$ cat model_14.txt   # compact mmCIF, C-alpha atoms
# COMPACT_ATOMS: atom_id res chain seq x y z
CA MET A 3 -14.13 -44.70 1.71
CA ASP A 4 -17.12 -42.45 2.28
CA LEU A 5 -15.79 -39.63 4.43
CA LEU A 6 -19.07 -37.73 4.39
CA ALA A 7 -20.79 -40.68 6.07
CA PHE A 8 -18.09 -40.69 8.75
CA PHE A 9 -18.52 -36.95 9.35
CA ASN A 10 -22.31 -37.35 9.51
CA TRP A 11 -21.83 -40.10 12.07
CA LEU A 12 -19.35 -37.97 14.06
CA ASP A 13 -21.76 -35.02 14.00
CA ALA A 14 -24.48 -37.12 15.64
CA SER A 15 -22.20 -39.04 18.02
CA PHE A 16 -22.00 -38.91 21.80
CA LEU A 17 -18.77 -36.91 21.50
CA ALA A 18 -20.56 -34.27 19.42
CA ARG A 19 -23.42 -34.00 21.90
CA MET A 20 -20.92 -33.50 24.73
CA SER A 21 -18.65 -31.05 22.91
CA LYS A 22 -21.63 -28.97 21.74
CA ALA A 23 -23.40 -28.94 25.09
CA TYR A 24 -20.45 -28.17 27.35
CA GLY A 25 -18.41 -25.19 26.12
CA GLY A 26 -16.13 -25.44 29.14
CA VAL A 27 -15.19 -29.05 28.36
CA PHE A 28 -14.50 -28.07 24.75
CA ALA A 29 -12.25 -25.21 25.90
CA VAL A 30 -10.27 -27.47 28.24
CA VAL A 31 -9.80 -30.09 25.51
CA GLN A 32 -8.75 -27.28 23.16
CA MET A 33 -6.15 -26.23 25.71
CA PHE A 34 -4.71 -29.76 25.80
CA HIS A 35 -4.70 -29.74 21.99
CA LEU A 36 -2.67 -26.51 22.05
CA LEU A 37 -0.31 -27.79 24.73
CA ALA A 38 0.27 -30.98 22.73
CA LEU A 39 0.92 -28.84 19.66
CA VAL A 40 3.47 -26.87 21.69
CA LEU A 41 5.18 -30.11 22.75
CA LEU A 42 5.17 -31.48 19.21
CA GLY A 43 6.51 -28.17 17.88
CA GLY A 44 9.29 -28.13 20.46
CA ALA A 45 10.27 -31.72 19.66
CA VAL A 46 10.24 -31.11 15.89
CA VAL A 47 12.19 -27.83 16.07
CA ALA A 48 14.77 -29.10 18.58
CA GLY A 49 15.30 -32.32 16.59
CA ALA A 50 15.51 -30.51 13.25
CA LEU A 51 17.95 -27.90 14.57
CA ARG A 52 20.16 -30.71 15.88
CA MET A 53 20.02 -32.44 12.48
CA LEU A 54 21.00 -29.15 10.84
CA GLY A 55 23.92 -28.85 13.23
CA VAL A 56 22.62 -25.59 14.73
CA LEU A 57 21.75 -26.77 18.25
CA LEU A 58 23.23 -29.22 20.75
CA ARG A 59 26.20 -30.02 18.51
CA ASP A 60 28.13 -31.30 21.54
CA VAL A 61 25.45 -33.93 22.25
CA PRO A 62 25.31 -37.07 20.05
CA ARG A 63 22.58 -36.74 17.42
CA ALA A 64 21.11 -40.16 18.26
CA LEU A 65 20.62 -39.14 21.92
CA VAL A 66 18.83 -35.90 21.04
CA LEU A 67 16.62 -37.53 18.41
CA ALA A 68 15.70 -40.47 20.64
CA GLY A 69 14.54 -37.94 23.26
CA THR A 70 12.63 -35.67 20.88
CA TRP A 71 10.99 -38.63 19.12
CA ARG A 72 9.57 -39.89 22.40
CA VAL A 73 8.12 -36.45 23.19
CA PHE A 74 6.78 -36.29 19.62
CA ASP A 75 4.97 -39.63 20.02
CA VAL A 76 3.21 -38.57 23.23
CA ALA A 77 2.29 -35.18 21.74
CA LEU A 78 0.93 -36.76 18.55
CA VAL A 79 -1.33 -39.15 20.48
CA LEU A 80 -2.68 -36.20 22.54
CA ILE A 81 -3.21 -34.11 19.40
CA VAL A 82 -5.15 -36.86 17.62
CA ILE A 83 -7.36 -37.69 20.63
CA SER A 84 -8.15 -34.05 21.47
CA GLY A 85 -8.51 -33.25 17.76
CA ILE A 86 -11.19 -35.90 17.24
CA PHE A 87 -13.16 -34.51 20.20
CA MET A 88 -12.85 -30.94 18.90
CA SER A 89 -13.80 -32.01 15.36
CA SER A 90 -16.99 -33.61 16.64
CA ALA A 91 -18.32 -30.20 17.73
CA VAL A 92 -18.15 -28.80 14.19
CA ALA A 93 -17.91 -31.96 12.11
CA MET A 94 -19.98 -30.85 9.11
CA LYS A 95 -18.40 -27.38 9.06
CA LEU A 96 -14.96 -29.02 8.95
CA TYR A 97 -15.95 -31.41 6.20
CA TYR A 98 -16.54 -28.44 3.89
CA ASN A 99 -13.50 -26.46 5.11
CA GLU A 100 -10.51 -26.52 2.72
CA MET A 101 -7.97 -25.65 5.41
CA PHE A 102 -9.09 -28.62 7.49
CA TRP A 103 -8.22 -30.93 4.60
CA VAL A 104 -4.88 -29.17 4.09
CA LYS A 105 -4.16 -29.84 7.77
CA MET A 106 -5.27 -33.47 7.54
CA ALA A 107 -3.16 -34.02 4.41
CA GLY A 108 -0.19 -32.38 6.14
CA LEU A 109 -0.73 -34.52 9.24
CA LEU A 110 -0.82 -37.70 7.15
CA VAL A 111 2.29 -36.69 5.19
CA GLY A 112 4.04 -35.72 8.43
CA MET A 113 3.28 -39.04 10.08
CA VAL A 114 4.31 -41.10 7.05
CA PHE A 115 7.46 -39.00 6.79
CA MET A 116 8.32 -39.30 10.49
CA TYR A 117 7.70 -43.04 10.87
CA GLY A 118 8.47 -44.19 7.34
CA ILE A 119 11.42 -42.04 6.31
CA GLU A 120 12.95 -39.89 9.06
CA ARG A 121 13.33 -42.52 11.76
CA PRO A 122 14.47 -45.48 9.62
CA LEU A 123 16.94 -43.19 7.80
CA LEU A 124 18.41 -41.52 10.86
CA ARG A 125 18.66 -44.74 12.86
CA ARG A 126 21.37 -45.78 10.43
CA PRO A 127 24.72 -44.68 11.83
CA GLN A 128 26.08 -43.93 8.36
CA SER A 129 23.32 -41.52 7.25
CA GLY A 130 25.10 -38.63 5.54
CA ALA A 131 25.08 -34.94 6.38
CA TRP A 132 23.03 -33.74 3.40
CA PRO A 133 20.25 -36.36 3.61
CA THR A 134 20.01 -35.50 7.32
CA ARG A 135 19.72 -31.78 6.56
CA LEU A 136 17.10 -32.43 3.89
CA VAL A 137 15.10 -34.52 6.33
CA ALA A 138 15.29 -31.68 8.89
CA CYS A 139 14.05 -29.08 6.38
CA ALA A 140 11.26 -31.34 5.13
CA SER A 141 10.19 -32.09 8.71
CA LEU A 142 10.10 -28.38 9.62
CA ALA A 143 8.15 -27.50 6.44
CA THR A 144 5.62 -30.30 6.92
CA TRP A 145 4.83 -29.59 10.56
CA PHE A 146 4.81 -25.83 9.97
CA THR A 147 2.13 -26.45 7.31
CA VAL A 148 0.09 -28.59 9.71
CA ALA A 149 0.22 -25.96 12.48
CA ALA A 150 -0.45 -22.99 10.18
CA ALA A 151 -3.33 -24.75 8.39
CA GLY A 152 -4.79 -25.67 11.78
CA ARG A 153 -4.80 -22.05 12.83
CA TRP A 154 -6.34 -20.93 9.54
CA ILE A 155 -9.29 -23.32 9.95
CA GLY A 156 -10.66 -20.71 12.33
CA PHE A 157 -10.32 -17.91 9.81
CA SER A 158 -11.72 -19.64 6.74
CA MET B 18 -8.77 3.83 39.52
CA LEU B 19 -6.48 1.40 37.69
CA ASN B 20 -9.45 0.02 35.72
CA GLU B 21 -10.43 3.53 34.57
CA TRP B 22 -6.85 4.30 33.54
CA LEU B 23 -6.48 1.03 31.63
CA LEU B 24 -9.79 1.56 29.84
CA ALA B 25 -8.83 5.13 28.90
CA LEU B 26 -5.54 3.86 27.45
CA ALA B 27 -7.37 1.09 25.55
CA ARG B 28 -9.87 3.59 24.11
CA PHE B 29 -7.02 5.89 23.06
CA LEU B 30 -5.33 2.97 21.24
CA ALA B 31 -8.62 1.80 19.71
CA ALA B 32 -9.18 5.23 18.15
CA GLN B 33 -5.90 5.11 16.22
CA ASP B 34 -6.02 4.47 12.47
CA TRP B 35 -3.48 1.62 12.63
CA SER B 36 -5.44 -0.18 15.31
CA ILE B 37 -8.65 0.09 13.28
CA SER B 38 -6.88 -1.03 10.09
CA LEU B 39 -5.38 -4.03 11.85
CA HIS B 40 -8.72 -4.98 13.39
CA GLU B 41 -10.57 -4.66 10.09
CA SER B 42 -7.89 -6.25 7.89
CA ILE B 43 -8.92 -9.46 6.14
CA TYR B 44 -5.58 -11.26 6.31
CA MET B 45 -3.13 -9.29 8.48
CA TYR B 46 -4.79 -10.06 11.82
CA GLY B 47 -4.91 -13.77 10.88
CA TRP B 48 -1.24 -13.74 9.93
CA ILE B 49 -0.22 -12.05 13.16
CA GLU B 50 -2.26 -14.52 15.19
CA SER B 51 -0.72 -17.41 13.25
CA VAL B 52 2.78 -16.04 13.94
CA HIS B 53 1.83 -15.71 17.62
CA VAL B 54 0.74 -19.35 17.84
CA LEU B 55 3.68 -20.68 15.79
CA THR B 56 6.27 -18.80 17.85
CA LEU B 57 4.45 -20.00 20.95
CA THR B 58 5.27 -23.54 19.82
CA VAL B 59 8.95 -22.58 19.41
CA PHE B 60 9.24 -20.73 22.72
CA LEU B 61 7.07 -22.97 24.88
CA GLY B 62 8.13 -26.11 23.03
CA MET B 63 11.75 -25.45 23.99
CA LEU B 64 10.82 -24.42 27.52
CA PHE B 65 8.68 -27.51 28.06
CA LEU B 66 11.52 -29.74 26.83
CA ILE B 67 13.81 -28.15 29.43
CA ASP B 68 11.16 -28.42 32.17
CA LEU B 69 10.38 -32.05 31.33
CA ARG B 70 14.10 -32.83 31.31
CA MET B 71 14.47 -31.27 34.77
CA LEU B 72 11.62 -33.47 35.98
CA GLY B 73 13.31 -36.50 34.41
CA TRP B 74 10.35 -37.13 32.09
CA ALA B 75 12.08 -36.39 28.77
CA MET B 76 15.55 -36.85 27.28
CA PRO B 77 17.05 -38.27 30.50
CA SER B 78 20.25 -39.28 28.70
CA VAL B 79 20.96 -35.67 27.62
CA SER B 80 22.70 -33.41 30.14
CA ALA B 81 20.12 -31.07 31.71
CA GLU B 82 22.59 -28.20 31.79
CA ALA B 83 23.54 -28.64 28.12
CA LEU B 84 19.89 -28.79 27.10
CA ALA B 85 18.94 -25.67 29.08
CA ALA B 86 21.94 -23.72 27.81
CA ARG B 87 21.64 -24.71 24.13
CA LEU B 88 17.88 -24.25 23.84
CA ASP B 89 18.07 -20.86 25.53
CA ARG B 90 18.72 -18.78 22.41
CA PRO B 91 15.98 -20.17 20.10
CA MET B 92 13.64 -20.09 23.08
CA LEU B 93 14.30 -16.39 23.70
CA LEU B 94 14.03 -15.64 19.98
CA GLY B 95 10.62 -17.32 19.94
CA PHE B 96 9.66 -15.39 23.07
CA LEU B 97 10.63 -12.07 21.47
CA VAL B 98 8.54 -12.65 18.32
CA MET B 99 5.69 -14.01 20.46
CA VAL B 100 5.68 -10.86 22.62
CA ILE B 101 5.78 -8.53 19.58
CA SER B 102 2.94 -10.39 17.83
CA GLY B 103 1.02 -10.51 21.13
CA LEU B 104 1.32 -6.74 21.54
CA LEU B 105 0.05 -6.27 17.98
CA LEU B 106 -2.94 -8.54 18.71
CA TYR B 107 -3.70 -6.43 21.79
CA TYR B 108 -3.30 -3.26 19.73
CA ALA B 109 -5.84 -4.54 17.18
CA ILE B 110 -8.58 -5.12 19.81
CA PRO B 111 -7.54 -3.09 22.87
CA VAL B 112 -10.86 -2.35 24.59
CA ARG B 113 -12.36 -5.85 24.59
CA THR B 114 -8.97 -7.36 25.48
CA THR B 115 -8.45 -4.93 28.38
CA GLN B 116 -11.91 -5.85 29.67
CA SER B 117 -11.31 -9.58 29.34
CA VAL B 118 -10.93 -11.35 32.66
CA TRP B 119 -9.00 -14.09 30.81
CA PHE B 120 -6.49 -11.57 29.45
CA ARG B 121 -5.98 -10.17 32.94
CA MET B 122 -5.40 -13.64 34.33
CA LYS B 123 -3.00 -14.34 31.48
CA VAL B 124 -0.93 -11.23 32.31
CA VAL B 125 -0.78 -12.19 36.00
CA LEU B 126 0.26 -15.76 35.12
CA MET B 127 2.92 -14.45 32.72
CA LEU B 128 4.33 -12.20 35.43
CA ALA B 129 4.41 -15.15 37.86
CA ALA B 130 6.05 -17.34 35.20
CA GLY B 131 8.61 -14.57 34.59
CA VAL B 132 9.52 -14.40 38.28
CA ASN B 133 9.76 -18.20 38.39
CA ALA B 134 12.03 -18.21 35.31
CA TRP B 135 14.26 -15.53 36.85
CA LEU B 136 14.60 -17.52 40.10
CA PHE B 137 15.24 -20.70 38.12
CA ARG B 138 18.03 -19.10 36.09
CA ARG B 139 19.58 -17.62 39.24
CA ARG B 140 19.58 -21.04 40.89
CA MET B 141 21.07 -22.61 37.75
CA ARG B 142 23.93 -20.08 37.74
CA ALA B 143 24.58 -20.64 41.45
CA SER B 144 24.37 -24.42 41.13
CA SER B 145 27.46 -26.61 41.47
CA HIS B 146 26.35 -28.43 38.27
CA ASP B 147 27.43 -31.80 39.66
CA TRP B 148 23.89 -33.14 39.08
CA THR B 149 23.40 -32.23 35.42
CA GLY B 150 24.35 -35.69 34.15
CA SER B 151 21.83 -37.45 36.38
CA SER B 152 18.40 -38.21 34.98
CA VAL B 153 16.51 -36.26 37.66
CA ALA B 154 17.38 -32.74 38.83
CA PRO B 155 17.51 -31.70 42.53
CA LEU B 156 14.19 -30.88 44.19
CA ARG B 157 14.51 -27.08 43.89
CA PHE B 158 14.89 -27.38 40.11
CA ARG B 159 12.06 -29.87 39.82
CA VAL B 160 9.79 -27.52 41.77
CA GLY B 161 10.79 -24.65 39.46
CA ALA B 162 10.22 -26.78 36.37
CA GLY B 163 6.84 -28.03 37.63
CA LEU B 164 5.75 -24.46 38.42
CA SER B 165 6.91 -23.36 34.99
CA LEU B 166 4.82 -26.07 33.30
CA LEU B 167 1.75 -25.18 35.34
CA LEU B 168 2.04 -21.42 34.93
CA TRP B 169 2.69 -21.53 31.18
CA SER B 170 -0.12 -24.06 30.69
CA GLY B 171 -2.32 -21.52 32.47
CA VAL B 172 -1.06 -18.81 30.11
CA VAL B 173 -1.99 -20.98 27.10
CA PHE B 174 -5.44 -21.74 28.51
CA THR B 175 -6.30 -18.15 29.47
CA GLY B 176 -4.87 -16.90 26.18
CA ARG B 177 -7.13 -19.26 24.22
CA ALA B 178 -10.10 -18.42 26.44
CA ILE B 179 -9.90 -14.71 25.51
CA ALA B 180 -11.80 -15.67 22.34
CA TYR B 181 -14.79 -16.84 24.42
CA ASP B 182 -17.35 -14.22 25.47
CA TRP B 183 -18.52 -15.98 28.66
CA PHE B 184 -17.42 -13.09 30.90
CA ASP B 185 -17.62 -10.14 28.53
CA CYS B 186 -18.95 -6.88 29.98
CA HIS B 187 -22.31 -7.12 28.15
CA LYS B 188 -23.07 -10.42 29.89
CA PRO B 189 -25.01 -10.53 33.18
CA LEU B 190 -22.05 -10.63 35.60
CA SER B 191 -21.72 -10.24 39.35
CA THR B 192 -20.20 -7.02 40.71
CA VAL B 193 -16.98 -8.86 41.57
CA MET B 194 -16.66 -10.21 38.02
CA LEU B 195 -17.40 -6.77 36.55
CA TRP B 196 -14.62 -5.33 38.71
CA ALA B 197 -12.22 -8.18 37.86
CA ALA B 198 -12.90 -7.69 34.14
CA GLY B 199 -12.60 -3.91 34.44
CA CYS B 200 -16.12 -3.22 33.14
CA VAL B 201 -16.04 0.40 34.30
CA ASP B 202 -19.23 1.63 32.58
CA GLU B 203 -21.32 -1.35 33.68
CA LEU B 204 -20.09 -0.97 37.28
CA ALA B 205 -21.10 2.71 37.27
CA THR B 206 -24.72 1.75 36.53
CA ARG B 207 -24.93 -0.59 39.55
$ encode --input "model_14.txt" --output "structure tokens"
Amino acid sequence: MDLLAFFNWLDASFLARMSKAYGGVFAVVQMFHLLALVLLGGAVVAGALRMLGVLLRDVPRALVLAGTWRVFDVALVLIVISGIFMSSAVAMKLYYNEMFWVKMAGLLVGMVFMYGIERPLLRRPQSGAWPTRLVACASLATWFTVAAAGRWIGFS
Amino acid sequence: MLNEWLLALARFLAAQDWSISLHESIYMYGWIESVHVLTLTVFLGMLFLIDLRMLGWAMPSVSAEALAARLDRPMLLGFLVMVISGLLLYYAIPVRTTQSVWFRMKVVLMLAAGVNAWLFRRRMRASSHDWTGSSVAPLRFRVGAGLSLLLWSGVVFTGRAIAYDWFDCHKPLSTVMLWAAGCVDELATR
């Protein structure tokens, strides 16, 4: 897959023309990106702390996770949509930015982990304490990497 | 008068060695800003979960009271680190931040959000708690939660907008905007 061609296309797209021409629109979309990040962070941290047995121990794990997973899904959709718009404004700059690729790799790993490992594993009623704790730590580490790499795109 | 005093304080802070070092550091400022954003996700993430639960939009099968009580401690921990890192960010760039209309709006919104949170907690303590198992909270809690979401979203937006120079003092601004941003020197030349 030729990613450079995709970034060249994105850089010349309608989205790019809009995001470059209207700084105010870009700022508002960026705000929604941040708010979605906040929601995703809250869902990940609350879910992980419940899996670790630190928070909400008196509430069944399945109830807490079902709630946080729903919030996570909505936040992830918002992050991806707003992220594509924001990327269009600086598409070529991002293509050559290492931190951007760290974030994208983290995002991909995080999504595969969430939908391919965490949810199927924790939906089983007999999932043990240690696998659950490991999943919580891995989830926190992955999404921390995504958020931190996202912030460092601006510095690199 | 207040604008002059704030600018004098900002200039005093900006002249300090630590402030200059922080501003000119290659990595430290970035780390502090990263900590600020990451703890924002912990603090606001928890708060938004509580607010959305009160509105009946998230985790309706979890008791609202249990959620608010259990998320309180990590939320406050996140808030504490967020405030400390925020103060350090201000300390690194005090003059421009003091003269940012976005920063001023952010402070006002934070104060309003603080008052709203205090009222919300007072109402929670005084509540009979017979509603906490239901999926939607009483109107007074939903209003508080909605206000909280709006005010903190405003804080996030104005906080992010500080980085933009649209209304910086060196830009051609109206007298009202110069006053609102605290551009004391530019106002004196009008």
$ closest_residue --input "model_14.txt" --among "B:Met99, B:Leu30, B:Leu39, B:Ala83" --to "chain A" --atoms "only C-alpha atoms"
B:Ala83
$ interface_residues --input "model_14.txt" --of "chain A" --to "chain B" --cutoff "6 Å" --atoms "all atoms listed in the file" --output "MDAnalysis selection string"
chainID A and resid 33 40:41 43:44 58 69
$ atom_distance --input "model_14.txt" --atom1 "atom CA of A:Tyr97" --atom2 "atom CA of A:Ala151"
14.4 Å
$ closest_residue --input "model_14.txt" --among "A:Leu109, A:Ala91, A:Leu96, A:Ile86" --to "A:Gly25" --atoms "all atoms listed in the file"
A:Ala91
$ residues_near_point --input "model_14.txt" --point "(11.5, -22.7, 37.8)" --cutoff "9 Å" --atoms "only C-alpha atoms" --output "ChimeraX atom specification"
/B:68,130,132-138,140,157-166
$ write_last_selection --input "model_14.txt" --atoms "C-alpha atoms" --output "PDB file, keeping the file's coordinate frame"
ATOM      1  CA  ASP B  68      11.160 -28.420  32.170  1.00  0.00           C
ATOM      2  CA  ALA B 130       6.050 -17.340  35.200  1.00  0.00           C
ATOM      3  CA  VAL B 132       9.520 -14.400  38.280  1.00  0.00           C
ATOM      4  CA  ASN B 133       9.760 -18.200  38.390  1.00  0.00           C
ATOM      5  CA  ALA B 134      12.030 -18.210  35.310  1.00  0.00           C
ATOM      6  CA  TRP B 135      14.260 -15.530  36.850  1.00  0.00           C
ATOM      7  CA  LEU B 136      14.600 -17.520  40.100  1.00  0.00           C
ATOM      8  CA  PHE B 137      15.240 -20.700  38.120  1.00  0.00           C
ATOM      9  CA  ARG B 138      18.030 -19.100  36.090  1.00  0.00           C
ATOM     10  CA  ARG B 140      19.580 -21.040  40.890  1.00  0.00           C
ATOM     11  CA  ARG B 157      14.510 -27.080  43.890  1.00  0.00           C
ATOM     12  CA  PHE B 158      14.890 -27.380  40.110  1.00  0.00           C
ATOM     13  CA  ARG B 159      12.060 -29.870  39.820  1.00  0.00           C
ATOM     14  CA  VAL B 160       9.790 -27.520  41.770  1.00  0.00           C
ATOM     15  CA  GLY B 161      10.790 -24.650  39.460  1.00  0.00           C
ATOM     16  CA  ALA B 162      10.220 -26.780  36.370  1.00  0.00           C
ATOM     17  CA  GLY B 163       6.840 -28.030  37.630  1.00  0.00           C
ATOM     18  CA  LEU B 164       5.750 -24.460  38.420  1.00  0.00           C
ATOM     19  CA  SER B 165       6.910 -23.360  34.990  1.00  0.00           C
ATOM     20  CA  LEU B 166       4.820 -26.070  33.300  1.00  0.00           C
TER      21      LEU B 166
END
$ closest_residue --input "model_14.txt" --among "A:Ile155, A:Leu54, A:Met101, A:Met113" --to "A:Pro133" --atoms "all atoms listed in the file"
A:Leu54
$ decode --input "model_14.txt" --residues "stretch 3-16 of chain A" --atoms "N, CA, C and O atoms" --output "compact mmCIF listing (two decimals), in the first residue's frame"
# COMPACT_ATOMS: atom_id res chain seq x y z
N MET A 3 0.85 -1.20 0.00
CA MET A 3 0.00 0.00 0.00
C MET A 3 0.89 1.25 0.00
O MET A 3 1.79 1.37 0.81
N ASP A 4 0.62 2.14 -0.95
CA ASP A 4 1.44 3.34 -1.06
C ASP A 4 0.85 4.45 -0.19
O ASP A 4 -0.08 5.15 -0.59
N LEU A 5 1.43 4.60 0.99
CA LEU A 5 0.91 5.60 1.92
C LEU A 5 1.21 7.02 1.47
O LEU A 5 0.43 7.93 1.71
N LEU A 6 2.36 7.18 0.81
CA LEU A 6 2.73 8.52 0.33
C LEU A 6 1.67 9.05 -0.64
O LEU A 6 1.29 10.22 -0.59
N ALA A 7 1.19 8.16 -1.52
CA ALA A 7 0.16 8.56 -2.48
C ALA A 7 -1.11 8.99 -1.75
O ALA A 7 -1.74 9.99 -2.11
N PHE A 8 -1.45 8.26 -0.68
CA PHE A 8 -2.63 8.63 0.10
C PHE A 8 -2.45 10.01 0.74
O PHE A 8 -3.36 10.84 0.72
N PHE A 9 -1.25 10.24 1.29
CA PHE A 9 -1.00 11.53 1.96
C PHE A 9 -0.97 12.68 0.94
O PHE A 9 -1.40 13.79 1.24
N ASN A 10 -0.45 12.40 -0.26
CA ASN A 10 -0.48 13.41 -1.33
C ASN A 10 -1.91 13.74 -1.70
O ASN A 10 -2.27 14.91 -1.88
N TRP A 11 -2.73 12.68 -1.78
CA TRP A 11 -4.15 12.89 -2.12
C TRP A 11 -4.84 13.70 -1.01
O TRP A 11 -5.58 14.65 -1.28
N LEU A 12 -4.55 13.32 0.26
CA LEU A 12 -5.18 14.01 1.40
C LEU A 12 -4.78 15.48 1.41
O LEU A 12 -5.60 16.37 1.70
N ASP A 13 -3.51 15.75 1.07
CA ASP A 13 -2.98 17.11 1.10
C ASP A 13 -3.66 18.01 0.07
O ASP A 13 -3.70 19.23 0.24
N ALA A 14 -4.18 17.41 -0.99
CA ALA A 14 -4.82 18.20 -2.05
C ALA A 14 -6.34 18.06 -2.01
O ALA A 14 -7.03 18.55 -2.90
N SER A 15 -6.87 17.41 -0.97
CA SER A 15 -8.30 17.12 -0.93
C SER A 15 -9.12 18.34 -0.49
O SER A 15 -8.57 19.35 -0.04
N PHE A 16 -10.43 18.20 -0.59
CA PHE A 16 -11.35 19.25 -0.14
C PHE A 16 -11.18 19.52 1.36
O PHE A 16 -11.20 20.67 1.81
